[in-house]
Every structure is written in C-alpha cells, then in structure tokens.
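Below: coords-v3.txt (compact mmCIF, C-alpha atoms)
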```txt
# COMPACT_ATOMS: atom_id res chain seq x y z
CA MET F 558 15.70 -76.91 -2.28
CA PHE F 559 11.93 -76.55 -1.93
CA GLY F 560 11.12 -80.18 -1.22
CA LYS F 561 13.80 -81.81 0.93
CA ARG F 562 14.61 -80.95 4.53
CA TYR F 563 17.52 -81.82 6.79
CA ASP F 564 15.18 -82.71 9.68
CA GLY F 565 12.44 -84.62 7.83
CA ARG F 566 11.16 -86.26 4.67
CA ARG F 567 7.88 -85.49 2.98
CA VAL F 568 5.00 -87.86 3.84
CA LYS F 569 2.87 -88.45 0.77
CA SER F 570 0.82 -91.63 1.32
CA ILE F 571 -1.71 -90.29 3.79
CA ASP F 572 -5.47 -90.05 4.05
CA PRO F 573 -6.95 -87.28 1.81
CA ILE F 574 -8.70 -85.64 4.78
CA GLN F 575 -5.48 -85.51 6.76
CA CYS F 576 -3.66 -84.23 3.69
CA ILE F 577 -5.97 -81.23 3.40
CA THR F 578 -6.23 -80.54 7.16
CA PRO F 579 -3.03 -78.41 7.34
CA TYR F 580 -4.56 -76.09 4.75
CA LEU F 581 -7.77 -75.75 6.77
CA MET F 582 -5.98 -75.24 10.10
CA LYS F 583 -2.94 -73.22 9.12
CA THR F 584 -1.28 -72.71 12.49
CA ARG F 585 -0.31 -74.98 15.39
CA THR F 586 -2.21 -72.84 17.87
CA ASP F 587 -5.30 -73.37 15.74
CA SER F 588 -4.71 -77.14 15.77
CA MET F 589 -3.96 -77.88 19.42
CA ASN F 590 -5.49 -80.90 21.12
CA MET F 591 -5.10 -81.01 24.89
CA PHE F 592 -4.87 -84.22 26.90
CA GLU F 593 -4.75 -84.59 30.66
CA GLU F 594 -3.56 -87.76 32.33
CA SER F 595 -2.82 -88.98 35.82
CA PHE F 596 -0.16 -91.70 36.01
CA PRO F 597 0.12 -93.97 39.08
CA CYS F 598 3.43 -93.46 40.87
CA ASP F 599 3.76 -96.82 42.63
CA GLY F 600 5.65 -98.51 39.79
CA MET F 601 7.95 -95.54 39.25
CA ASP F 602 8.65 -95.11 42.97
CA ALA F 603 9.49 -98.79 43.43
CA PHE F 604 11.78 -98.74 40.38
CA ILE F 605 13.54 -95.53 41.47
CA LYS F 606 14.05 -96.92 44.99
CA ALA F 607 15.50 -100.19 43.67
CA LYS F 608 17.88 -98.40 41.30
CA ARG F 609 18.93 -95.95 43.99
CA ALA F 610 20.05 -98.92 46.08
CA GLU F 611 22.30 -99.82 43.14
CA GLY F 612 23.80 -96.32 43.14
CA TRP F 613 21.76 -95.06 40.20
CA ARG F 614 19.92 -91.78 40.72
CA LEU F 615 16.98 -91.01 38.48
CA ASN F 616 13.62 -89.28 38.70
CA TYR F 617 10.24 -88.91 37.02
CA LEU F 618 11.71 -86.73 34.26
CA HIS F 619 14.11 -89.49 33.20
CA LEU F 620 11.33 -92.06 33.13
CA THR F 621 8.86 -89.81 31.29
CA ILE F 622 11.34 -88.86 28.55
CA ALA F 623 12.41 -92.49 28.15
CA SER F 624 8.78 -93.64 27.96
CA ILE F 625 7.89 -91.09 25.28
CA VAL F 626 11.05 -91.76 23.25
CA ARG F 627 10.32 -95.48 23.27
CA THR F 628 6.67 -94.84 22.35
CA MET F 629 7.72 -92.63 19.43
CA ALA F 630 10.04 -95.40 18.26
CA LEU F 631 7.08 -97.79 18.25
CA ARG F 632 4.49 -95.26 17.03
CA PRO F 633 6.34 -93.23 14.35
CA ARG F 634 3.42 -91.01 13.36
CA LEU F 635 3.98 -89.18 16.64
CA ASN F 636 7.30 -88.03 15.22
CA ARG F 637 5.87 -86.07 12.32
CA PHE F 638 5.47 -82.33 11.87
CA VAL F 639 3.71 -79.86 9.60
CA MET F 640 5.50 -77.17 7.65
CA ASN F 641 3.89 -74.95 5.01
CA GLY F 642 0.88 -77.24 4.67
CA ARG F 643 2.96 -80.39 4.17
CA ILE F 644 3.50 -83.28 6.57
CA TYR F 645 7.03 -84.55 7.25
CA ALA F 646 8.48 -87.53 9.12
CA ARG F 647 11.59 -87.01 11.24
CA PRO F 648 14.58 -89.37 10.84
CA LYS F 649 15.42 -89.25 14.56
CA ILE F 650 13.79 -88.29 17.85
CA TRP F 651 14.66 -84.93 19.39
CA VAL F 652 13.73 -83.85 22.92
CA SER F 653 14.01 -80.28 24.27
CA PHE F 654 13.75 -79.13 27.88
CA VAL F 655 14.87 -76.26 30.10
CA VAL F 656 17.65 -76.66 32.65
CA HIS F 657 17.79 -74.24 35.59
CA HIS F 658 21.23 -73.62 37.04
CA ASP F 659 19.82 -73.18 40.54
CA LEU F 660 16.16 -73.64 41.54
CA ARG F 661 16.71 -71.31 44.49
CA SER F 662 17.39 -68.39 42.17
CA GLU F 663 15.12 -66.85 39.57
CA ASP F 664 17.36 -67.31 36.55
CA ASP F 665 15.66 -68.22 33.28
CA GLY F 666 17.86 -71.26 32.80
CA THR F 667 18.91 -72.58 29.42
CA THR F 668 17.27 -74.87 26.91
CA VAL F 669 18.94 -78.07 25.70
CA LYS F 670 18.00 -80.42 22.88
CA LEU F 671 18.96 -84.08 22.84
CA CYS F 672 18.89 -86.44 19.87
CA PHE F 673 17.90 -90.10 20.15
CA GLU F 674 17.81 -92.89 17.62
CA GLY F 675 14.82 -94.43 19.41
CA THR F 676 16.48 -97.77 20.10
CA GLU F 677 18.24 -96.65 23.30
CA GLY F 678 17.52 -98.40 26.57
CA LEU F 679 16.76 -96.49 29.76
CA PRO F 680 20.41 -96.43 30.98
CA GLU F 681 21.59 -94.74 27.78
CA ILE F 682 18.74 -92.23 27.77
CA CYS F 683 19.35 -91.33 31.42
CA ALA F 684 23.08 -90.91 30.76
CA LYS F 685 22.39 -88.42 27.95
CA ILE F 686 19.97 -86.45 30.12
CA ASP F 687 22.34 -86.37 33.10
CA GLU F 688 25.28 -85.35 30.92
CA ALA F 689 23.30 -82.43 29.46
CA ILE F 690 22.10 -81.27 32.89
CA ALA F 691 25.59 -81.55 34.40
CA ARG F 692 27.10 -79.64 31.50
CA GLU F 693 24.65 -76.77 31.85
CA THR F 694 24.70 -76.55 35.65
CA THR F 695 28.48 -76.79 36.09
CA ASN F 696 29.52 -74.71 33.09
CA HIS F 697 26.66 -72.23 32.98
CA GLN F 698 29.05 -69.39 32.18
CA GLU F 699 29.63 -71.03 28.79
CA SER F 700 26.78 -70.65 26.30
CA ASN F 701 25.52 -73.66 24.38
CA SER F 702 24.54 -73.46 20.71
CA THR F 703 20.94 -72.55 21.59
CA ASP F 704 22.00 -69.64 23.80
CA LYS F 705 24.51 -68.46 21.19
CA LEU F 706 21.79 -68.39 18.54
CA ALA F 707 19.45 -66.45 20.84
CA LYS F 708 22.20 -63.97 21.74
CA LEU F 709 23.06 -63.49 18.08
CA ILE F 710 19.47 -62.63 17.20
CA THR F 711 18.97 -60.35 20.21
CA SER F 712 22.21 -58.52 19.43
CA ILE F 713 20.44 -57.12 16.38
CA PRO F 714 18.74 -53.73 16.86
CA GLY F 715 15.22 -54.21 18.21
CA PRO F 716 13.26 -53.04 15.15
CA LEU F 717 15.14 -55.57 12.99
CA ILE F 718 14.58 -58.64 15.18
CA LYS F 719 11.02 -59.07 13.87
CA ALA F 720 12.33 -58.94 10.30
CA VAL F 721 15.12 -61.47 11.03
CA VAL F 722 12.71 -63.90 12.69
CA GLY F 723 10.30 -63.43 9.80
CA ILE F 724 13.06 -64.27 7.30
CA LEU F 725 14.02 -67.38 9.27
CA MET F 726 10.41 -68.55 9.34
CA TRP F 727 10.11 -67.94 5.59
CA MET F 728 13.27 -69.98 5.03
CA ASP F 729 11.85 -72.75 7.22
CA ARG F 730 8.59 -72.83 5.26
CA HIS F 731 10.53 -73.19 2.01
CA ASN F 732 12.99 -75.79 3.35
CA ILE F 733 16.08 -73.61 3.10
CA MET F 734 16.66 -73.04 6.81
CA PRO F 735 20.40 -73.54 7.51
CA LYS F 736 21.22 -76.88 9.13
CA ALA F 737 23.12 -75.09 11.90
CA VAL F 738 20.01 -73.12 12.89
CA ILE F 739 17.82 -76.23 12.94
CA GLU F 740 20.35 -78.08 15.09
CA ALA F 741 20.63 -75.18 17.55
CA SER F 742 16.93 -74.40 17.69
CA PRO F 743 15.07 -76.12 20.59
CA PHE F 744 11.84 -75.42 18.71
CA HIS F 745 12.76 -77.84 15.91
CA THR F 746 12.05 -80.89 18.05
CA SER F 747 9.89 -83.98 18.35
CA LEU F 748 9.00 -83.23 21.97
CA PHE F 749 9.31 -80.25 24.26
CA ILE F 750 8.87 -81.20 27.91
CA THR F 751 8.78 -79.21 31.13
CA ASN F 752 9.18 -80.61 34.63
CA LEU F 753 6.93 -78.43 36.79
CA ARG F 754 7.05 -81.07 39.53
CA SER F 755 10.56 -79.82 40.37
CA LEU F 756 8.99 -76.40 41.02
CA GLY F 757 6.25 -77.87 43.20
CA ILE F 758 3.34 -76.84 40.97
CA ASN F 759 0.71 -78.63 38.90
CA HIS F 760 1.09 -79.47 35.23
CA VAL F 761 -0.07 -77.00 32.58
CA PHE F 762 -1.28 -77.19 29.00
CA HIS F 763 1.61 -75.47 27.28
CA HIS F 764 1.14 -74.06 23.79
CA VAL F 765 3.12 -75.53 20.91
CA TYR F 766 5.34 -72.97 19.22
CA GLU F 767 4.67 -71.42 15.83
CA PHE F 768 8.40 -71.04 15.23
CA GLY F 769 10.04 -74.36 14.44
CA THR F 770 8.42 -77.78 14.19
CA THR F 771 7.36 -78.67 17.74
CA GLY F 772 4.21 -80.79 17.52
CA ILE F 773 4.04 -82.20 21.06
CA PHE F 774 4.52 -80.36 24.37
CA ALA F 775 4.35 -82.34 27.61
CA ALA F 776 4.28 -81.05 31.18
CA ILE F 777 4.93 -83.07 34.33
CA GLY F 778 3.15 -81.78 37.44
CA LYS F 779 3.45 -82.47 41.14
CA GLU F 780 1.98 -85.65 42.60
CA ARG F 781 -1.47 -85.71 44.11
CA ARG F 782 -3.57 -88.19 46.05
CA VAL F 783 -6.54 -89.48 44.10
CA PRO F 784 -9.12 -92.27 44.58
CA GLU F 785 -8.26 -95.48 42.74
CA VAL F 786 -9.52 -99.05 42.56
CA GLN F 787 -7.30 -101.34 44.62
CA GLY F 788 -8.46 -104.91 44.13
CA SER F 789 -12.07 -105.13 45.28
CA SER F 790 -11.99 -101.83 47.14
CA VAL F 791 -11.33 -98.16 46.54
CA GLY F 792 -8.27 -96.58 48.09
CA ILE F 793 -6.12 -93.47 47.73
CA GLY F 794 -3.10 -93.61 45.46
CA LYS F 795 -0.32 -91.19 44.51
CA HIS F 796 -0.51 -90.06 40.89
CA MET F 797 1.71 -87.82 38.76
CA GLY F 798 -0.07 -85.02 36.94
CA PHE F 799 0.56 -84.86 33.21
CA GLY F 800 -0.56 -82.37 30.58
CA LEU F 801 -0.07 -82.89 26.85
CA VAL F 802 -0.67 -80.53 23.94
CA CYS F 803 -0.47 -81.92 20.40
CA ASP F 804 -0.75 -80.64 16.87
CA GLU F 805 -3.60 -82.78 15.52
CA ARG F 806 -2.83 -82.13 11.86
CA PHE F 807 -0.15 -84.81 11.45
CA CYS F 808 -1.72 -87.48 13.63
CA ASP F 809 -5.35 -88.25 14.51
CA GLY F 810 -6.75 -88.35 18.04
CA LEU F 811 -7.19 -92.12 18.11
CA TYR F 812 -3.50 -92.64 17.34
CA PHE F 813 -2.55 -90.18 20.07
CA ALA F 814 -4.88 -91.86 22.59
CA ARG F 815 -3.53 -95.34 21.93
CA SER F 816 0.02 -94.02 22.14
CA LEU F 817 -0.72 -92.44 25.51
CA LYS F 818 -1.76 -95.86 26.82
CA ILE F 819 1.67 -97.17 25.82
CA VAL F 820 3.36 -94.33 27.71
CA ARG F 821 1.26 -95.28 30.75
CA LYS F 822 2.36 -98.92 30.46
CA PHE F 823 6.04 -97.95 30.46
CA LEU F 824 5.63 -95.58 33.42
CA MET F 825 3.80 -98.21 35.44
CA ASP F 826 6.65 -100.69 34.80
CA PRO F 827 9.91 -98.91 33.84
CA ASN F 828 11.70 -102.28 33.73
CA LEU F 829 10.22 -102.58 30.22
CA LEU F 830 12.57 -99.79 29.14
CA MET F 831 15.82 -101.25 30.45
CA GLU F 832 16.79 -103.19 27.35
CA PRO F 833 17.50 -101.42 24.03
CA LEU F 834 14.90 -101.72 21.30
CA GLU F 835 16.14 -104.10 18.63
CA LYS F 836 14.72 -101.97 15.83
CA LYS F 837 12.43 -98.97 15.79
CA VAL F 838 9.31 -98.94 13.61
CA GLU F 839 9.87 -96.84 10.49
CA ASP F 840 7.19 -94.45 9.26
CA ASP F 841 5.49 -96.30 6.41
CA ALA F 842 4.05 -93.29 4.61
```
Would you write the structure of this file as structure tokens?
Amino acid sequence: MFGKRYDGRRVKSIDPIQCITPYLMKTRTDSMNMFEESFPCDGMDAFIKAKRAEGWRLNYLHLTIASIVRTMALRPRLNRFVMNGRIYARPKIWVSFVVHHDLRSEDDGTTVKLCFEGTEGLPEICAKIDEAIARETTNHQESNSTDKLAKLITSIPGPLIKAVVGILMWMDRHNIMPKAVIEASPFHTSLFITNLRSLGINHVFHHVYEFGTTGIFAAIGKERRVPEVQGSSVGIGKHMGFGLVCDERFCDGLYFARSLKIVRKFLMDPNLLMEPLEKKVEDDA
C-alpha cells in the first residue's frame, strides 16, 4: 500500500547524494533545470519530403516524440520520477500533449496521453499519434478520460475543489492513488510536450507540474535562421527551437546532457528510428 505503485517501482540502488536530494529540494518547481537547444532541420526536412512522396504525412512533432521515446528506451534514468522524497522507475513510457480541434479558433483543446513500450519504430509511433489526433479532432464532442476526470472534479462546488485535489495529492504521495485516476491524468507522464511551432511562436521553458509525476517538459518552437559551420565556411541554416525543463532530482545534469545529444542524433537522421528497437535498456537500480 505505502511502497508499491501502479506506475513505477522504487529505485533503491542510487548514489547517497541523489538519494537525499529530494528531501533537500522538496518540489519540482524548486528542482527545475532548463535546457535550450537548436536542432538543424535539414535532416528532418529531407526525411519528411521523402516520406511525403511515399504518401506518408508527418511533421516535427512526430519526429521529436519518436526521438525522445527512443532515447528514453536507451537511457532509462530519464524515465524516473520523484514522489514523497522517493525515486521511482516507470515500467513504460508515457507522453502527454494537447490537441486543438481547430487552430483558427481559441478553444483550449484537449490533452491526450499515449503509452509506449519503448521498442516501437517510427511508423508505429506516428500511427499512435495520428490516431489520437484524429480521434480528438473528429469526435471532439465526445470527452476522453482526461476530460471526464477534469469535468468530474470541476463539477464539485468551488470551495471543495481545493480539498479534493489535496486529497488526491495526499493519496499520490502515499501510493494509494486509484489506477483509473493515474491512467486518465496527463500529469502522470514521462514527458509532456507542446508544439508551439504550430502556433508560429518560439519555444518556451514550461514549468513541470506539482500534481502528478511529470519530470520532463519539452517545447518545440518555430524555425529560425542561424549561423552554422558548413564545411570550411560559415553559412546560414534553418534550426528548430527547443526548450526543455527537467526535474534534476532523479537524474543528474551530465546524464541529461548526454541524452540530449542522442535526441539530436535521431533528429538529424530520422532513418535511425525506422526499425523497432530489439530490446529497451532496463533501469538497473
């Protein structure tokens, strides 16, 4: 009851400093590390153009999610989270993002959460993303489990909402949060990502939520022209803006930095993601 969780197992074999860190920095907002990257678009653009000729439509969001999912499968410490001072490893990889029914309107959209094993190839990941987007944009009159949970909570009289949320957070801290709530909650996720490029604005450094277990929040921004080395000269290249906010308590900065280089490698050559991963790396702690 107070040790096991549906969405993670307790990590015990970790460095003593890292073990005590969650007690020194008690909240995610107190533990945020912010990274900014600029990924070259040439490899992505060439890949997208080639696949479009084959009748396959995809975009930067597909490639970014697939790159991070594959990186998490290879670098399992990225898929940890902190709850009540303890560090947990997730059994699968969850990704949350917001889907807008119509970008021309000002609706708030709806949030979806997808589950991946980590061994999926790019075609399978793209299919899951497209299916979720199509479901929400074509049947937006029907609420998904996330919307139903939100509507249930907001149907409670205003003064009681704070108490209900407080009870849910207490249950989460003590590992007795109902499985149905964890599955419906987009905040219990490995990665939350926002595609600001689709809105035509730059990336942001988005806070990680205190409710739930989100430890990594990524934001894709619009492309920009930046100087880059091209052979023996300096030219101007198109780069995708990228902002990343991480909870440093479950994973040190060096591990994050090296993982970000792997994400860059996949984005520069998405062909590396086409084949399924034979076996993901299991968290050894």
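Distance check against F:Arg562 using only C-alpha atoms: of F:Ser816, F:Ser789, F:Asn732, F:Ser755, the minimum falls on F:Asn732.
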Q. Any idea what the distance is between atom CA of F:Lys569 and atom CA of F:Ala737?
A.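 Between atom CA of F:Lys569 and atom CA of F:Ala737 the gap works out to 26.7 Å.
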Q: Give the answer as one residue: which of F:Phe768, F:Trp727, F:Phe654, F:Phe823 has the shortest atom-to-atom distance to F:Ile750, using only C-alpha atoms?
A: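 Ranking F:Phe768, F:Trp727, F:Phe654, F:Phe823 by distance to F:Ile750, first place goes to F:Phe654.
Going from atom CA of F:Ile644 over to atom CA of F:Lys836, you cover 23.7 Å.
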Per residue of stretch 710-825 of chain F within 7 Å of stretch 628-636 of chain F, which atom pair is closest and at what distance in Å (one decimal), using all atoms listed in the file, listed by chain and increasing number, as CSV?
```
residue,atom,partner,partner_atom,distance
F:Ser747,CA,F:Asn636,CA,5.7
F:Cys808,CA,F:Arg634,CA,6.2
F:Ser816,CA,F:Thr628,CA,6.7
F:Ile819,CA,F:Thr628,CA,6.5
F:Val820,CA,F:Thr628,CA,6.3
```
Keeping only C-alpha atoms, write the selected residues as a PDB file, in the frame of the given file.
```pdb
ATOM      1  CA  SER F 747       9.890 -83.980  18.350  1.00  0.00           C
ATOM      2  CA  CYS F 808      -1.720 -87.480  13.630  1.00  0.00           C
ATOM      3  CA  SER F 816       0.020 -94.020  22.140  1.00  0.00           C
ATOM      4  CA  ILE F 819       1.670 -97.170  25.820  1.00  0.00           C
ATOM      5  CA  VAL F 820       3.360 -94.330  27.710  1.00  0.00           C
TER       6      VAL F 820
END
```
